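Here is the structure we will look at, set down as structure tokens.
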Amino acid sequence: MLAVDARDLSKTFRAGWLHRRRTEALRGVSLQVPRGAIFGLLGPNGAGKTTLLSILATLLLPDSGSATVLGLDVVRDSLALRRRLNMASGNASFVWSLRPGEVLMFYGRLYGLSGRSLRRRVEELIEGCELTSHRRTEYNELSTGLKQRLAFAKALLNDPEVLFLDEPTLGLDPDMSIRIRAQIARLRRDRGTTIILTTHYMREAEELCDEIAFIKGGRILAQGGPDALKRQIRLGEVITLRLDPLEPAGLASLPGVLEYRIRDEHLECTVDVADKRLPELLRWLHEQGVVVRQCEVREPDLEEVFVELNR
Amino acid sequence: MSSTASPALHVNGLRAEWVRTWAFACRNVIMARRNVFFVFELTFWPGVAMLSHGLLTQFLALTPEMTAFILSGTVALSAVQVCQLDVAYAVLFDIWSKSMKHQFLAPVGIRHLALGSWLVGVARGLVVFALMAFIGTRAFGFDFLGGGAGSLAAFLAGCFLCALVIGLLVCTLVLLFGTRAETSAWAAVNLVVMLAGIYYPISVLPGWVAAISAAIPLTYFLDAFRAGYGFESQFSAPLIKGFALALLYVALAHWALAAAITRARRTGLLLKLSE
């Protein structure tokens, strides 16, 4: 069953009165996300990630195409849909002079919570997001990390079935990022929440996401699981060698060698299939009289996939 | 960080409508309590207006009736200003704090934000009125009940309905033009009360301006209130016309704000106001 089903979404922003500037943010994006999945949207700045997320969260109307979230149309059924989704962003902001509890009470009421159930929910979230010792601090005096925790707490107020996270760990210290990531994983495990997140951190996407879509220039360039994506992009595998001498002549002309480079006194040789090419390579190095001091085979990481797609 | 998820107990129906409305009222109350600027809105400017206009009526040696004519305009301006600001704050708070998208991500309607913030506006407007009535009575002998309690109640109700319309229009302008339009929160009411005959009967205005004045409900509420002090009414059944016009404008302003929000969702202004 699909949590999100978007078909051919397009969105162009127009600015200026006389000489209107047009920015095509989305160009026919289609996307399917199964229920209970954690789905990552990766891409460079201005790729259209936030635009896509905002359309799915009913904050923005598409120019063309259609999208349903939990079976509800994001344009026609937006009010009913808003009860069942929520969103947090890395650069969230709330009314400056409200305190964390007051922010949560305000939005809790907007989601229809009241009385004891509202107070209980707010207390749970304040404790769960470790805001207890800051409950008397006004929003504008909170640190970036605390503001983000509050944004995350607000996004959980209505126990959403679909949660949109726009760069949830942006600007956080590593410790807090790890805890936010753990909370995201726990939400899916305990509540079955479908989570769609954008991020610039490849490690975060690789750790959390079942599926990833690379978006650039308003188009999805590739989509799949982290491992499948690496295969799909055909980046090959990397054989890292410590050699003496460091760079033997004629390496690039060997069959199956896609490219090589020197990094930190190691030679990184990208080949099509490591299982097949490694014995050939070692044999050739032996014939050339090159001493092999260290050898390691690894798959390319998601960052390399990203760089490749971004070229 | 521990797991925080637990089943939320949402209320439905009329109770949910009230809860969402109450959210906006509570937020306005907290902001009003915490910000010294709001105390100025509530006491300083209305107090200064009543004192300066009252002193002017004494300097000009106006009759008690003429004093009532002038000071009723002073009260109308302050009460409408304070009340409409509260309605406008429902959007302005989010503009200033760049948190607009969170509000419209939630399942709320315009009726919630309008009614919730208006209720606080009415309460603050009544405080303003009480303060001005106290100063007016004690310092200048202006009897606010001179036209009867019913006349005063209708006048205040009319002022607060006009404030709701102006506040909704300010919200609409802000959602159409962004932060450039936020000054309308202070400017719009002055234009309206000027056209409504704040310190003068609209018969002194040029014909075409008077025609515009006749389309403003506050004109009728001022006219009806002043009739209680012996001034001849310029309209037949001014209260009925005033309330009918005010209710029509509330509906139109509601529709205009809904259209502005839809446009802001289409153009992306809603997101831009949150960045």
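Residues in the structure tokens are numbered from 1 in each chain, the chains being A, B, ... in the order shown, and ligands are numbered from 1 in the order shown.
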Determine which residues of chain A sit within 7 Å of chain B, taking into account only C-alpha atoms, and present them as a ChimeraX atom specification.
/A:13,59-61,79,82-83,93-96,106,109-114,117,124-125,128-130,158-159,179,183,186
Within 8 Å of Pro100 in chain A, counting only C-alpha atoms, which residues qualify if same-chain residues fewer than 4 places away don't, as a list in words?
Leu104, Ile126, Leu131, His134, Arg135, Arg136, Thr137, Glu138, Tyr139 and Leu150 of chain A
Those residues you just picked out, can you put them in a file as a PDB file, in the first residue's frame with C-alpha atoms?
ATOM      1  CA  LEU A 104       3.411  22.933  21.669  1.00  0.00           C
ATOM      2  CA  ILE A 126       8.970  17.976  26.219  1.00  0.00           C
ATOM      3  CA  LEU A 131      13.396  20.161  26.586  1.00  0.00           C
ATOM      4  CA  HIS A 134      14.341  24.800  28.937  1.00  0.00           C
ATOM      5  CA  ARG A 135      10.612  24.993  29.439  1.00  0.00           C
ATOM      6  CA  ARG A 136      10.836  28.556  30.840  1.00  0.00           C
ATOM      7  CA  THR A 137      13.103  29.802  28.039  1.00  0.00           C
ATOM      8  CA  GLU A 138      11.566  31.893  25.276  1.00  0.00           C
ATOM      9  CA  TYR A 139      11.985  30.522  21.755  1.00  0.00           C
ATOM     10  CA  LEU A 150      11.234  21.710  19.509  1.00  0.00           C
TER      11      LEU A 150
END
Please identify all polymer residues within 12 Å of Ile212 in chain B, counting only C-alpha atoms, omitting same-chain residues fewer than 2 positions from it, and present them as number ranges by chain.
B: 191-197, 202-203, 205-210, 214-219
How far is it from CA of Leu142 in chain A to CA of Leu170 in chain A, in Å with one decimal?
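The value is 15.7 Å.
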Pull the alpha helix (DSSP H) assignments for range 26-197 of chain A out of DSSP run on the backbone, and list those residues as a PyMOL selection string.
chain A and resi 49-56+78-82+100-110+115-128+144-155+174-191
Excluding range 169-184 of chain B and its own-chain neighbours fewer than 2 positions away, which residues fall within 10 Å of it when counting only C-alpha atoms? Please give them as a PyMOL selection string.
chain B and resi 84-85+87-92+95-96+114+163-167+186-191+249-250+252-265+267+269-270+272-273
Take the selection from the previous step and output its residues with C-alpha atoms, as a compact mmCIF listing (two decimals), in the first residue's frame.
# COMPACT_ATOMS: atom_id res chain seq x y z
CA GLN B 84 -8.49 44.91 14.46
CA LEU B 85 -4.82 44.70 15.44
CA VAL B 87 -7.16 39.97 14.29
CA ALA B 88 -4.21 41.04 12.15
CA TYR B 89 -1.79 39.60 14.74
CA ALA B 90 -3.12 36.11 13.92
CA VAL B 91 -1.06 36.41 10.72
CA LEU B 92 1.47 39.09 11.68
CA ILE B 95 5.12 36.80 9.54
CA TRP B 96 7.47 38.39 12.06
CA ALA B 114 -10.40 35.10 12.84
CA ALA B 163 -12.55 45.78 13.37
CA LEU B 164 -13.01 42.15 12.35
CA VAL B 165 -13.49 43.18 8.72
CA ILE B 166 -10.45 45.49 8.76
CA GLY B 167 -8.31 42.86 10.52
CA TRP B 186 -1.90 50.56 11.32
CA ALA B 187 -2.88 52.58 8.26
CA ALA B 188 -6.12 50.91 7.14
CA VAL B 189 -8.15 51.76 10.21
CA ASN B 190 -7.27 55.46 10.00
CA LEU B 191 -8.49 55.62 6.41
CA TYR B 249 -18.25 42.50 4.68
CA VAL B 250 -17.28 39.85 7.23
CA LEU B 252 -16.57 38.95 1.86
CA ALA B 253 -13.39 39.46 3.91
CA HIS B 254 -13.49 35.80 4.91
CA TRP B 255 -13.76 34.82 1.25
CA ALA B 256 -10.98 37.25 0.27
CA LEU B 257 -8.63 35.83 2.91
CA ALA B 258 -9.40 32.28 1.79
CA ALA B 259 -8.58 33.29 -1.79
CA ALA B 260 -5.35 35.00 -0.65
CA ILE B 261 -4.24 31.87 1.21
CA THR B 262 -4.93 29.72 -1.84
CA ARG B 263 -2.93 32.18 -3.96
CA ALA B 264 -0.08 32.14 -1.42
CA ARG B 265 -0.06 28.34 -1.65
CA THR B 267 2.79 31.26 -5.69
CA LEU B 269 4.53 33.07 -0.79
CA LEU B 270 3.40 30.93 2.14
CA LYS B 272 8.68 32.47 1.43
CA LEU B 273 7.08 34.03 4.49
Residue with smallest distance to Phe235 in chain B - pool B:Leu60, B:Leu152, B:Leu222, B:Val127, counting only C-alpha atoms:
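Comparing B:Leu60, B:Leu152, B:Leu222, B:Val127 against Phe235 in chain B, the winner is B:Leu222.
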Between CA of Phe214 in chain A and CA of Leu41 in chain A, measure the distance and give it in Å to one decimal.
6.1 Å
Could you name the residues that touch Leu251 in chain A at 10 Å or less, counting only C-alpha atoms, but leaving out those on the same chain fewer than 2 positions away, as a PyMOL selection string?
chain A and resi 247-249+253-255+257+259-260+269+281+284-285
Write the residues of the selection above to a file with N, CA and C atoms, as an mmCIF file, in the first residue's frame.
data_model
loop_
_atom_site.group_PDB
_atom_site.id
_atom_site.type_symbol
_atom_site.label_atom_id
_atom_site.label_comp_id
_atom_site.auth_asym_id
_atom_site.auth_seq_id
_atom_site.Cartn_x
_atom_site.Cartn_y
_atom_site.Cartn_z
ATOM 1 N N GLU A 247 52.753 4.861 -8.212
ATOM 2 C CA GLU A 247 51.904 4.946 -9.407
ATOM 3 C C GLU A 247 52.575 4.243 -10.590
ATOM 4 N N PRO A 248 52.297 2.958 -10.815
ATOM 5 C CA PRO A 248 52.928 2.258 -11.934
ATOM 6 C C PRO A 248 52.409 2.739 -13.281
ATOM 7 N N ALA A 249 53.286 2.865 -14.258
ATOM 8 C CA ALA A 249 52.882 3.339 -15.588
ATOM 9 C C ALA A 249 52.082 2.266 -16.309
ATOM 10 N N SER A 253 45.521 1.562 -18.860
ATOM 11 C CA SER A 253 45.182 0.826 -20.086
ATOM 12 C C SER A 253 44.777 -0.628 -19.810
ATOM 13 N N LEU A 254 44.791 -1.013 -18.534
ATOM 14 C CA LEU A 254 44.404 -2.397 -18.219
ATOM 15 C C LEU A 254 42.906 -2.599 -18.437
ATOM 16 N N PRO A 255 42.498 -3.793 -18.898
ATOM 17 C CA PRO A 255 41.061 -4.022 -19.102
ATOM 18 C C PRO A 255 40.301 -3.956 -17.772
ATOM 19 N N VAL A 257 39.667 -1.377 -15.914
ATOM 20 C CA VAL A 257 39.997 -0.233 -15.043
ATOM 21 C C VAL A 257 39.253 1.001 -15.573
ATOM 22 N N GLU A 259 38.939 4.064 -13.806
ATOM 23 C CA GLU A 259 39.749 5.248 -13.512
ATOM 24 C C GLU A 259 40.624 4.947 -12.303
ATOM 25 N N TYR A 260 41.631 5.762 -12.096
ATOM 26 C CA TYR A 260 42.382 5.636 -10.854
ATOM 27 C C TYR A 260 42.882 6.999 -10.423
ATOM 28 N N CYS A 269 41.855 2.530 -7.315
ATOM 29 C CA CYS A 269 41.611 2.080 -8.681
ATOM 30 C C CYS A 269 40.162 1.605 -8.804
ATOM 31 N N LEU A 281 44.839 -7.674 -11.779
ATOM 32 C CA LEU A 281 45.610 -6.500 -11.386
ATOM 33 C C LEU A 281 46.844 -6.903 -10.572
ATOM 34 N N TRP A 284 49.425 -8.441 -12.806
ATOM 35 C CA TRP A 284 50.089 -7.426 -13.628
ATOM 36 C C TRP A 284 51.108 -6.639 -12.801
ATOM 37 N N LEU A 285 50.713 -6.271 -11.563
ATOM 38 C CA LEU A 285 51.617 -5.523 -10.693
ATOM 39 C C LEU A 285 52.875 -6.349 -10.388
#
